[in-house]
Amino acid sequence: MHRHLQGRVAIVTGAGSGLGRAHALELARLGACVVVNDVAGAEVGSPGAGVVDEIRRRGGEAIADGGDVTDLAQMHALAARAVAEWGRIDILVNNAGVLRDRTFAKLEVEDFRRVLDVHLMGSVHATKAVWDLMREQRYGRIVMTTSSSGLYGNFGQSNYGAAKMALVGLMQTLGLEGASRNVRVNCLAPTAATAMTEGVLTPEALARLDPAAVSPALAALVGEDAPNRVVLLAGAGSVEAAHITMTRGIQLGELQHLPNGAAQVVARLDEIRDRTDEQVPTTGFEQCQFELGKAGFDMVLPSGG
């Protein structure tokens with residue numbers, strides 16, 4: 001058995017069932033000690049405790065934690081438990097999530113806020129709780145769970161899609177900020193049969209979408225040789241990558257100051273959207289550099305701190 005995570009300590013949020021459970025089992029199989037976090041609780045008989053028992057029966061090490069990702073103090077307590085148990089934290093998988101699906105016209109703002117609190121702020125809280133430790137030990141691997149609903153949109157999921165796309169932006173910046181300390185941050189967009197997809201997909205489709213089929217992609221994002229700032233999509237045995245690109249576009253020149261500037265943008269929209277020679281910027285500042293370059297100005301990008 002290839003146990004390339006031997007000696008590593010991992011936290012998986014929302015790990016009592018579904019994708020989180022599959023991730024926890026896979027990380028343990030690969031040798032990691034795992035904190036199985038699930039808001040349903042950590043006591044005997046809880047989903048998280050059941051996953052811990054399963055890991056231990058297979059010869060792995062794990063402890064259960066019932067912390068709520070929406071509570072920063074509870075995430076700090078979770079991190080402290082991991083350090084007390086094993087002395088370090090190497091891996092964080094931000095997996096906890098909820099659904100409140102409705103069209104935007106029918107969606108209550110409270111349900112929008114709840115989804116952001118769990119997916120986005122929950123990931124912020126858990127990441128904040130381990131960030132300084134990972135930077136100090138000069139090693140860390142963090143995965144944000146994004147979604148095709150955020151990357152591409154899904155009817156009735158404005159709240160979920162907004163939260164999931166926000167996690168991509170969080171990943172991009174944290175990947176930049178953590179790189180010098182060997183803290184790498186990536187995103188995983190899974191497709192799997194879980195409690196969150198029941199009633200959405202047909203039984204035949206769900207049968208092919210075992211959550212365990214996603215976990216190899218997750219494992220690739222948390223190993224020593226993990227990439228940084230990558231968005232992987234995975235499901236039904238397939239793995240893809242997503243990119244946010246910038247086209248070559250156009251340069252309006254003096255037209256930008258004229259009343260017909262907007263009309264030129266509309267008239268040339270196909271040209272603007274043409275994906276020939278599109279690029280993937282490595283930082284947001286490259287848009288500024290690229291646009292000033294097309295306008296005839298050269299500039300040097302600022303170095304990261």
# chains A, B, ... in the order shown; residues from 1 in each chain; ligands from 1

call {"tool": "residues_around", "arguments": {"residues": "A:His243", "least_positions_apart": "5", "cutoff": "12 Å", "atoms": "only C-alpha atoms", "output": "list in words"}}
result
Ser148, Leu151, Tyr152, Val168, Gln172, Cys187, Arg229, Val230, Val231, Leu232, Leu233, Glu278, Gln279, Val280, Pro281 and Thr282 of chain A

call {"tool": "write_last_selection", "arguments": {"atoms": "C-alpha atoms", "output": "mmCIF file, in the first residue's frame"}}
result
data_model
loop_
_atom_site.group_PDB
_atom_site.id
_atom_site.type_symbol
_atom_site.label_atom_id
_atom_site.label_comp_id
_atom_site.auth_asym_id
_atom_site.auth_seq_id
_atom_site.Cartn_x
_atom_site.Cartn_y
_atom_site.Cartn_z
ATOM 1 C CA SER A 148 -19.532 23.619 -10.828
ATOM 2 C CA LEU A 151 -17.826 27.967 -11.669
ATOM 3 C CA TYR A 152 -20.619 27.722 -14.230
ATOM 4 C CA VAL A 168 -12.062 30.019 -5.588
ATOM 5 C CA GLN A 172 -6.228 32.061 -5.284
ATOM 6 C CA CYS A 187 -9.885 23.709 -4.865
ATOM 7 C CA ARG A 229 -3.821 27.209 -6.857
ATOM 8 C CA VAL A 230 -5.341 24.452 -8.986
ATOM 9 C CA VAL A 231 -9.063 23.786 -9.437
ATOM 10 C CA LEU A 232 -9.728 20.098 -10.012
ATOM 11 C CA LEU A 233 -13.121 18.679 -10.932
ATOM 12 C CA GLU A 278 -6.543 33.346 -24.196
ATOM 13 C CA GLN A 279 -4.370 33.251 -21.094
ATOM 14 C CA VAL A 280 -4.626 32.284 -17.432
ATOM 15 C CA PRO A 281 -3.322 35.172 -15.311
ATOM 16 C CA THR A 282 -1.212 34.163 -12.332
#

call {"tool": "residues_around", "arguments": {"residues": "stretch 24-31 of chain A", "least_positions_apart": "4", "cutoff": "9 Å", "atoms": "only C-alpha atoms", "output": "mmCIF file with C-alpha atoms, in the first residue's frame"}}
result
data_model
loop_
_atom_site.group_PDB
_atom_site.id
_atom_site.type_symbol
_atom_site.label_atom_id
_atom_site.label_comp_id
_atom_site.auth_asym_id
_atom_site.auth_seq_id
_atom_site.Cartn_x
_atom_site.Cartn_y
_atom_site.Cartn_z
ATOM 1 C CA MET A 1 0.000 0.000 0.000
ATOM 2 C CA HIS A 2 1.314 3.437 -0.945
ATOM 3 C CA ARG A 3 1.124 5.402 2.323
ATOM 4 C CA HIS A 4 2.564 8.707 1.150
ATOM 5 C CA LEU A 5 0.728 10.592 3.916
ATOM 6 C CA GLN A 6 2.314 8.566 6.723
ATOM 7 C CA GLY A 7 2.881 10.802 9.736
ATOM 8 C CA ARG A 8 0.753 13.643 8.395
ATOM 9 C CA ALA A 10 -5.351 15.938 8.565
ATOM 10 C CA ILE A 11 -8.580 17.711 9.489
ATOM 11 C CA VAL A 12 -11.673 17.019 7.385
ATOM 12 C CA ALA A 15 -16.696 14.228 7.564
ATOM 13 C CA GLY A 16 -19.533 12.265 9.162
ATOM 14 C CA LEU A 19 -17.739 13.145 0.558
ATOM 15 C CA GLY A 20 -16.216 14.066 3.893
ATOM 16 C CA VAL A 35 -9.636 14.578 12.802
ATOM 17 C CA VAL A 36 -13.165 13.685 11.689
ATOM 18 C CA VAL A 51 -16.201 7.170 10.768
ATOM 19 C CA VAL A 52 -13.518 7.196 13.461
ATOM 20 C CA GLU A 54 -14.216 2.612 10.773
ATOM 21 C CA ILE A 55 -10.758 4.144 10.421
ATOM 22 C CA ARG A 58 -8.733 -0.559 9.436
ATOM 23 C CA GLY A 59 -5.655 0.170 11.522
ATOM 24 C CA GLY A 60 -5.657 3.953 11.219
ATOM 25 C CA GLU A 61 -5.604 6.772 13.751
ATOM 26 C CA ALA A 62 -8.510 9.195 14.111
ATOM 27 C CA ALA A 212 -15.022 7.486 -2.944
ATOM 28 C CA SER A 215 -11.158 11.152 -3.051
ATOM 29 C CA PRO A 216 -8.113 10.233 -5.210
ATOM 30 C CA LEU A 218 -8.467 15.120 -3.129
ATOM 31 C CA ALA A 219 -5.453 13.059 -2.082
#

call {"tool": "select_by_dssp", "arguments": {"residues": "stretch 113-189 of chain A", "states": "strand (DSSP E or B)", "output": "PDB file with N, CA and C atoms, in the first residue's frame"}}
result
ATOM      1  N   GLY A 140       1.979  23.027   4.747  1.00  0.00           N
ATOM      2  CA  GLY A 140       0.538  22.956   4.881  1.00  0.00           C
ATOM      3  C   GLY A 140      -0.110  22.689   3.537  1.00  0.00           C
ATOM      4  N   ARG A 141      -1.194  21.927   3.562  1.00  0.00           N
ATOM      5  CA  ARG A 141      -1.965  21.642   2.362  1.00  0.00           C
ATOM      6  C   ARG A 141      -3.439  21.865   2.689  1.00  0.00           C
ATOM      7  N   ILE A 142      -4.069  22.804   1.994  1.00  0.00           N
ATOM      8  CA  ILE A 142      -5.463  23.173   2.263  1.00  0.00           C
ATOM      9  C   ILE A 142      -6.272  22.998   0.987  1.00  0.00           C
ATOM     10  N   VAL A 143      -7.436  22.393   1.131  1.00  0.00           N
ATOM     11  CA  VAL A 143      -8.333  22.229  -0.007  1.00  0.00           C
ATOM     12  C   VAL A 143      -9.677  22.869   0.313  1.00  0.00           C
ATOM     13  N   MET A 144     -10.128  23.745  -0.571  1.00  0.00           N
ATOM     14  CA  MET A 144     -11.469  24.319  -0.507  1.00  0.00           C
ATOM     15  C   MET A 144     -12.380  23.503  -1.416  1.00  0.00           C
ATOM     16  N   THR A 145     -13.577  23.202  -0.963  1.00  0.00           N
ATOM     17  CA  THR A 145     -14.524  22.481  -1.809  1.00  0.00           C
ATOM     18  C   THR A 145     -15.383  23.482  -2.565  1.00  0.00           C
ATOM     19  N   GLN A 157     -29.586  27.901  -7.455  1.00  0.00           N
ATOM     20  CA  GLN A 157     -28.487  27.813  -6.490  1.00  0.00           C
ATOM     21  C   GLN A 157     -27.667  29.107  -6.446  1.00  0.00           C
ATOM     22  N   VAL A 183       2.922  26.514   2.056  1.00  0.00           N
ATOM     23  CA  VAL A 183       1.505  26.251   2.325  1.00  0.00           C
ATOM     24  C   VAL A 183       0.779  26.383   0.996  1.00  0.00           C
ATOM     25  N   ARG A 184       0.269  25.268   0.498  1.00  0.00           N
ATOM     26  CA  ARG A 184      -0.349  25.232  -0.820  1.00  0.00           C
ATOM     27  C   ARG A 184      -1.861  25.071  -0.673  1.00  0.00           C
ATOM     28  N   VAL A 185      -2.578  25.840  -1.474  1.00  0.00           N
ATOM     29  CA  VAL A 185      -4.035  25.896  -1.352  1.00  0.00           C
ATOM     30  C   VAL A 185      -4.657  25.613  -2.717  1.00  0.00           C
ATOM     31  N   ASN A 186      -5.587  24.672  -2.749  1.00  0.00           N
ATOM     32  CA  ASN A 186      -6.228  24.266  -3.996  1.00  0.00           C
ATOM     33  C   ASN A 186      -7.729  24.124  -3.804  1.00  0.00           C
ATOM     34  N   CYS A 187      -8.433  23.919  -4.895  1.00  0.00           N
ATOM     35  CA  CYS A 187      -9.885  23.709  -4.865  1.00  0.00           C
ATOM     36  C   CYS A 187     -10.241  22.382  -5.510  1.00  0.00           C
ATOM     37  N   LEU A 188     -11.296  21.761  -4.994  1.00  0.00           N
ATOM     38  CA  LEU A 188     -11.848  20.557  -5.577  1.00  0.00           C
ATOM     39  C   LEU A 188     -13.331  20.768  -5.812  1.00  0.00           C
ATOM     40  N   ALA A 189     -13.774  20.521  -7.041  1.00  0.00           N
ATOM     41  CA  ALA A 189     -15.195  20.602  -7.397  1.00  0.00           C
ATOM     42  C   ALA A 189     -15.701  19.186  -7.639  1.00  0.00           C
TER      43      ALA A 189
END

call {"tool": "atom_distance", "arguments": {"atom1": "atom CA of A:Val115", "atom2": "atom CA of A:Asp65"}}
result
21.3 Å

call {"tool": "atom_distance", "arguments": {"atom1": "atom CA of A:Met165", "atom2": "atom CA of A:His119"}}
result
10.3 Å

call {"tool": "closest_atom_pairs", "arguments": {"of": "stretch 162-240 of chain A", "to": "stretch 126-139 of chain A", "cutoff": "8 Å", "atoms": "only C-alpha atoms", "output": "CSV"}}
result
residue,atom,partner,partner_atom,distance
A:Gly178,CA,A:Arg135,CA,7.1
A:Arg181,CA,A:Arg138,CA,4.7
A:Asn182,CA,A:Tyr139,CA,5.0
A:Val183,CA,A:Tyr139,CA,5.3

call {"tool": "write_last_selection", "arguments": {"atoms": "C-alpha atoms", "output": "mmCIF file, in the first residue's frame"}}
result
data_model
loop_
_atom_site.group_PDB
_atom_site.id
_atom_site.type_symbol
_atom_site.label_atom_id
_atom_site.label_comp_id
_atom_site.auth_asym_id
_atom_site.auth_seq_id
_atom_site.Cartn_x
_atom_site.Cartn_y
_atom_site.Cartn_z
ATOM 1 C CA GLY A 178 1.205 30.850 1.587
ATOM 2 C CA ARG A 181 6.064 29.104 3.505
ATOM 3 C CA ASN A 182 5.209 25.915 1.571
ATOM 4 C CA VAL A 183 1.505 26.251 2.325
#

call {"tool": "atom_distance", "arguments": {"atom1": "atom CA of A:Met246", "atom2": "atom CA of A:Glu291"}}
result
11.0 Å

call {"tool": "select_by_dssp", "arguments": {"residues": "stretch 22-120 of chain A", "states": "helix (DSSP H, G or I)", "output": "PyMOL selection string"}}
result
chain A and resi 22-29+47-57+72-86+109-120

call {"tool": "closest_residue", "arguments": {"among": "A:Ile89, A:Val69, A:Met171, A:Leu99", "to": "A:His125", "atoms": "only C-alpha atoms"}}
result
A:Val69
